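Input: a single structure, listed below in structure tokens.
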Amino acid sequence: MSAGSTTPFSDMHLLTVLAETQSFVQAADRLGISRSSASMRIAALEKAAGVPLVRRSTRQVSLTEAGQQLVAEVSPAFERIRASFHAVHDLTGAPRGTLRVTAPVALGRQHISPSLGAFLLRYPEVRLELELTDRLVNLAHEGFDLAIRHARHIPDNYVVWELARSESALVGSSEYLDRRGRPMHPADLAQHDCVMYMGSPRNLAFQRQGLEGEPVYVDVQPRFTANNSEVLREIVLSGAGLGLLPDFSLIGHEQGGLERVLSDWKIQGYFGSHIIAVRPFSPKVPLAVHCLIEHLQSVFGRR
């Protein structure tokens, strides 16, 4: 960069966002600029730096070694600037700014999104971007402020707030149970049609509630699998089989056609046991994040 030239700080920030998204379209959307403007600004940055910073292809964008080095060196500074800006905002006592949040699809549709209208009405200066996906996103790299997760364990490499405990439940419709009978022991599942989450283990472990001892293992061959608990619930409601569901998908349905079976047995290691909110470590958590956490704790507390 020649002496006396202007240091392109905003363009370097764009480069860090491009490194996270690996897409000019997504980077431009996040920053509220056009795709062509983003491309021209990166080209100008490369010209100022005197070296290529980005490799462009038809599918995605990646950084050259020089681009990676620049992003590694400037990203911490931009994170400090962002934290400082949030801290100044918080001095007003009113939460404000944009929060990017990710949550699992079924949990988000059933328990999070129905409550967010009330949150937005209460905090008019907060903007929310909610992405529902069952993919385990990289919060720091993809620019999310908060993730809601259905986890088996509390992670120790994030700031974590517990929202609720959760358990797995084996359920069937009254019509199915009247037609096929109610299993009295986990081994009876071998004689039943089962509905299970896609990719889950077929060898299920059951532990009798309140008793010590070795778990009972049962091999199950499902007739139907899907990667969404709402879909599984609808299949179970239709009477097509017994289903393993997270308890949050049963709320409002246990009095409306679904019945728990083998309720004196605990299913081990299937769905998560904690509903948590997590964010990467940072020196200060924005006030808007705290307010959203308090809102969600209230929502899940009412559950």
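Identifiers for the structure tokens are assigned positionally: chains receive A, B, ... in sequence, residues are indexed from 1 per chain, and ligands are indexed from 1 in the order shown.
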
Next on the checklist: I'd like the contact shell of A:Leu250 - 9 Å cut-off, only C-alpha atoms, skipping same-chain residues fewer than 6 positions apart - returned as an NGL selection string.
Outcome noted: :A and (169 or 171 or 233 or 258)

Next on the checklist: I need the residues of stretch 67-127 of chain A that end up classed as helix (DSSP H, G or I) by DSSP on the backbone, written out as a PyMOL selection string.
Outcome noted: chain A and resi 67-90+105-122

Residue neighbourhood A:Val17, 10 Å, only C-alpha atoms, exclusion window fewer than 3 positions, as a PDB file with N, CA and C atoms, in the first residue's frame:
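Result file result.pdb:
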```
ATOM      1  N   ASP A  11     -13.350  -2.396   4.050  1.00  0.00           N
ATOM      2  CA  ASP A  11     -13.135  -3.492   3.098  1.00  0.00           C
ATOM      3  C   ASP A  11     -12.482  -4.692   3.787  1.00  0.00           C
ATOM      4  N   MET A  12     -11.611  -4.435   4.758  1.00  0.00           N
ATOM      5  CA  MET A  12     -11.021  -5.541   5.512  1.00  0.00           C
ATOM      6  C   MET A  12     -12.082  -6.239   6.356  1.00  0.00           C
ATOM      7  N   HIS A  13     -13.029  -5.460   6.890  1.00  0.00           N
ATOM      8  CA  HIS A  13     -14.138  -6.086   7.622  1.00  0.00           C
ATOM      9  C   HIS A  13     -14.975  -6.945   6.684  1.00  0.00           C
ATOM     10  N   LEU A  14     -15.221  -6.458   5.480  1.00  0.00           N
ATOM     11  CA  LEU A  14     -15.933  -7.248   4.478  1.00  0.00           C
ATOM     12  C   LEU A  14     -15.195  -8.547   4.204  1.00  0.00           C
ATOM     13  N   GLU A  20     -16.047 -15.910   6.671  1.00  0.00           N
ATOM     14  CA  GLU A  20     -17.031 -16.676   7.441  1.00  0.00           C
ATOM     15  C   GLU A  20     -18.074 -17.325   6.539  1.00  0.00           C
ATOM     16  N   THR A  21     -18.576 -16.565   5.574  1.00  0.00           N
ATOM     17  CA  THR A  21     -19.707 -17.036   4.765  1.00  0.00           C
ATOM     18  C   THR A  21     -19.284 -17.833   3.538  1.00  0.00           C
ATOM     19  N   GLN A  22     -18.052 -17.559   3.019  1.00  0.00           N
ATOM     20  CA  GLN A  22     -17.559 -18.180   1.786  1.00  0.00           C
ATOM     21  C   GLN A  22     -18.530 -17.942   0.629  1.00  0.00           C
ATOM     22  N   SER A  23     -19.178 -16.790   0.670  1.00  0.00           N
ATOM     23  CA  SER A  23     -20.154 -16.463  -0.368  1.00  0.00           C
ATOM     24  C   SER A  23     -20.284 -14.954  -0.462  1.00  0.00           C
ATOM     25  N   PHE A  24     -20.127 -14.400  -1.676  1.00  0.00           N
ATOM     26  CA  PHE A  24     -20.324 -12.969  -1.861  1.00  0.00           C
ATOM     27  C   PHE A  24     -21.773 -12.578  -1.578  1.00  0.00           C
ATOM     28  N   GLN A  26     -23.989 -14.050   0.508  1.00  0.00           N
ATOM     29  CA  GLN A  26     -24.288 -14.048   1.933  1.00  0.00           C
ATOM     30  C   GLN A  26     -23.571 -12.920   2.654  1.00  0.00           C
ATOM     31  N   ALA A  27     -22.327 -12.659   2.272  1.00  0.00           N
ATOM     32  CA  ALA A  27     -21.581 -11.565   2.893  1.00  0.00           C
ATOM     33  C   ALA A  27     -22.260 -10.230   2.604  1.00  0.00           C
ATOM     34  N   ALA A  28     -22.697 -10.045   1.363  1.00  0.00           N
ATOM     35  CA  ALA A  28     -23.376  -8.801   1.003  1.00  0.00           C
ATOM     36  C   ALA A  28     -24.689  -8.653   1.752  1.00  0.00           C
ATOM     37  N   ARG A  30     -25.463  -9.892   4.678  1.00  0.00           N
ATOM     38  CA  ARG A  30     -25.209  -9.608   6.089  1.00  0.00           C
ATOM     39  C   ARG A  30     -24.849  -8.145   6.304  1.00  0.00           C
ATOM     40  N   LEU A  31     -24.132  -7.546   5.351  1.00  0.00           N
ATOM     41  CA  LEU A  31     -23.689  -6.168   5.505  1.00  0.00           C
ATOM     42  C   LEU A  31     -24.632  -5.159   4.869  1.00  0.00           C
ATOM     43  N   VAL A  71      -6.985 -11.931   7.465  1.00  0.00           N
ATOM     44  CA  VAL A  71      -8.182 -12.136   8.282  1.00  0.00           C
ATOM     45  C   VAL A  71      -7.803 -12.557   9.706  1.00  0.00           C
ATOM     46  N   SER A  75      -9.222  -9.930  12.458  1.00  0.00           N
ATOM     47  CA  SER A  75     -10.497 -10.357  13.051  1.00  0.00           C
ATOM     48  C   SER A  75     -10.609 -10.038  14.542  1.00  0.00           C
ATOM     49  N   HIS A 141     -17.600 -18.444  13.151  1.00  0.00           N
ATOM     50  CA  HIS A 141     -17.278 -18.331  11.734  1.00  0.00           C
ATOM     51  C   HIS A 141     -18.468 -17.851  10.909  1.00  0.00           C
ATOM     52  N   GLU A 142     -19.683 -18.177  11.349  1.00  0.00           N
ATOM     53  CA  GLU A 142     -20.861 -17.831  10.558  1.00  0.00           C
ATOM     54  C   GLU A 142     -21.596 -16.600  11.088  1.00  0.00           C
ATOM     55  N   GLY A 143     -21.038 -15.965  12.111  1.00  0.00           N
ATOM     56  CA  GLY A 143     -21.557 -14.676  12.547  1.00  0.00           C
ATOM     57  C   GLY A 143     -22.833 -14.717  13.357  1.00  0.00           C
TER      58      GLY A 143
END
```

Shell of 10 Å around A:Val159, only C-alpha atoms, local chain residues under 6 positions omitted, as an mmCIF file with N, CA and C atoms, in the first residue's frame:
```
data_model
loop_
_atom_site.group_PDB
_atom_site.id
_atom_site.type_symbol
_atom_site.label_atom_id
_atom_site.label_comp_id
_atom_site.auth_asym_id
_atom_site.auth_seq_id
_atom_site.Cartn_x
_atom_site.Cartn_y
_atom_site.Cartn_z
ATOM 1 N N LEU A 146 -26.075 -16.154 18.920
ATOM 2 C CA LEU A 146 -26.640 -17.099 19.881
ATOM 3 C C LEU A 146 -27.146 -18.328 19.145
ATOM 4 N N ALA A 277 -28.928 -22.377 25.530
ATOM 5 C CA ALA A 277 -28.535 -21.281 24.650
ATOM 6 C C ALA A 277 -27.029 -21.103 24.809
ATOM 7 N N VAL A 278 -26.318 -20.985 23.700
ATOM 8 C CA VAL A 278 -24.860 -20.873 23.763
ATOM 9 C C VAL A 278 -24.388 -19.745 22.858
ATOM 10 N N ARG A 279 -23.229 -19.160 23.225
ATOM 11 C CA ARG A 279 -22.565 -18.185 22.374
ATOM 12 C C ARG A 279 -21.072 -18.286 22.635
ATOM 13 N N PRO A 280 -20.252 -17.886 21.664
ATOM 14 C CA PRO A 280 -18.802 -17.927 21.887
ATOM 15 C C PRO A 280 -18.419 -17.010 23.046
ATOM 16 N N PHE A 281 -17.290 -17.338 23.695
ATOM 17 C CA PHE A 281 -16.803 -16.485 24.775
ATOM 18 C C PHE A 281 -16.475 -15.099 24.240
ATOM 19 N N SER A 282 -16.833 -14.084 25.008
ATOM 20 C CA SER A 282 -16.503 -12.701 24.672
ATOM 21 C C SER A 282 -16.384 -11.924 25.974
ATOM 22 N N VAL A 285 -21.193 -9.682 27.194
ATOM 23 C CA VAL A 285 -22.370 -10.167 26.478
ATOM 24 C C VAL A 285 -23.315 -8.989 26.262
#
```

Next on the checklist: When you count only C-alpha atoms, which of these residues is closest to A:Asp247: A:Met40, A:Leu15, A:Leu170, A:Ile81?
Outcome noted: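 Closest to A:Asp247, using only C-alpha atoms: A:Leu170.
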
Checklist entry - Running DSSP on the backbone, which parts of stretch 254-301 of chain A land in strand (DSSP E), as JSON, numbers by chain? => result {"A": [258, 259, 260, 265, 266, 267, 268, 274, 275, 276, 277, 278, 279]}

Write the residues of the selection above to a file with C-alpha atoms, as a compact mmCIF listing (two decimals), in the first residue's frame.
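Saved result, result_15.txt, follows:
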```txt
# COMPACT_ATOMS: atom_id res chain seq x y z
CA LEU A 258 -50.74 -39.77 21.98
CA GLU A 259 -50.02 -42.10 24.87
CA ARG A 260 -46.66 -42.80 26.50
CA TRP A 265 -38.17 -47.16 31.48
CA LYS A 266 -35.69 -44.41 30.62
CA ILE A 267 -34.30 -44.36 27.08
CA GLN A 268 -30.58 -43.61 27.24
CA HIS A 274 -30.72 -30.23 27.91
CA ILE A 275 -32.18 -27.31 25.96
CA ILE A 276 -29.50 -24.63 26.11
CA ALA A 277 -28.53 -21.28 24.65
CA VAL A 278 -24.86 -20.87 23.76
CA ARG A 279 -22.57 -18.18 22.37
```

Item to check | Distance of atom CA of A:Phe206 from atom CA of A:Ser168, expressed in Å to one decimal place | outcome: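 Going from atom CA of A:Ser168 over to atom CA of A:Phe206 covers 11.1 Å.
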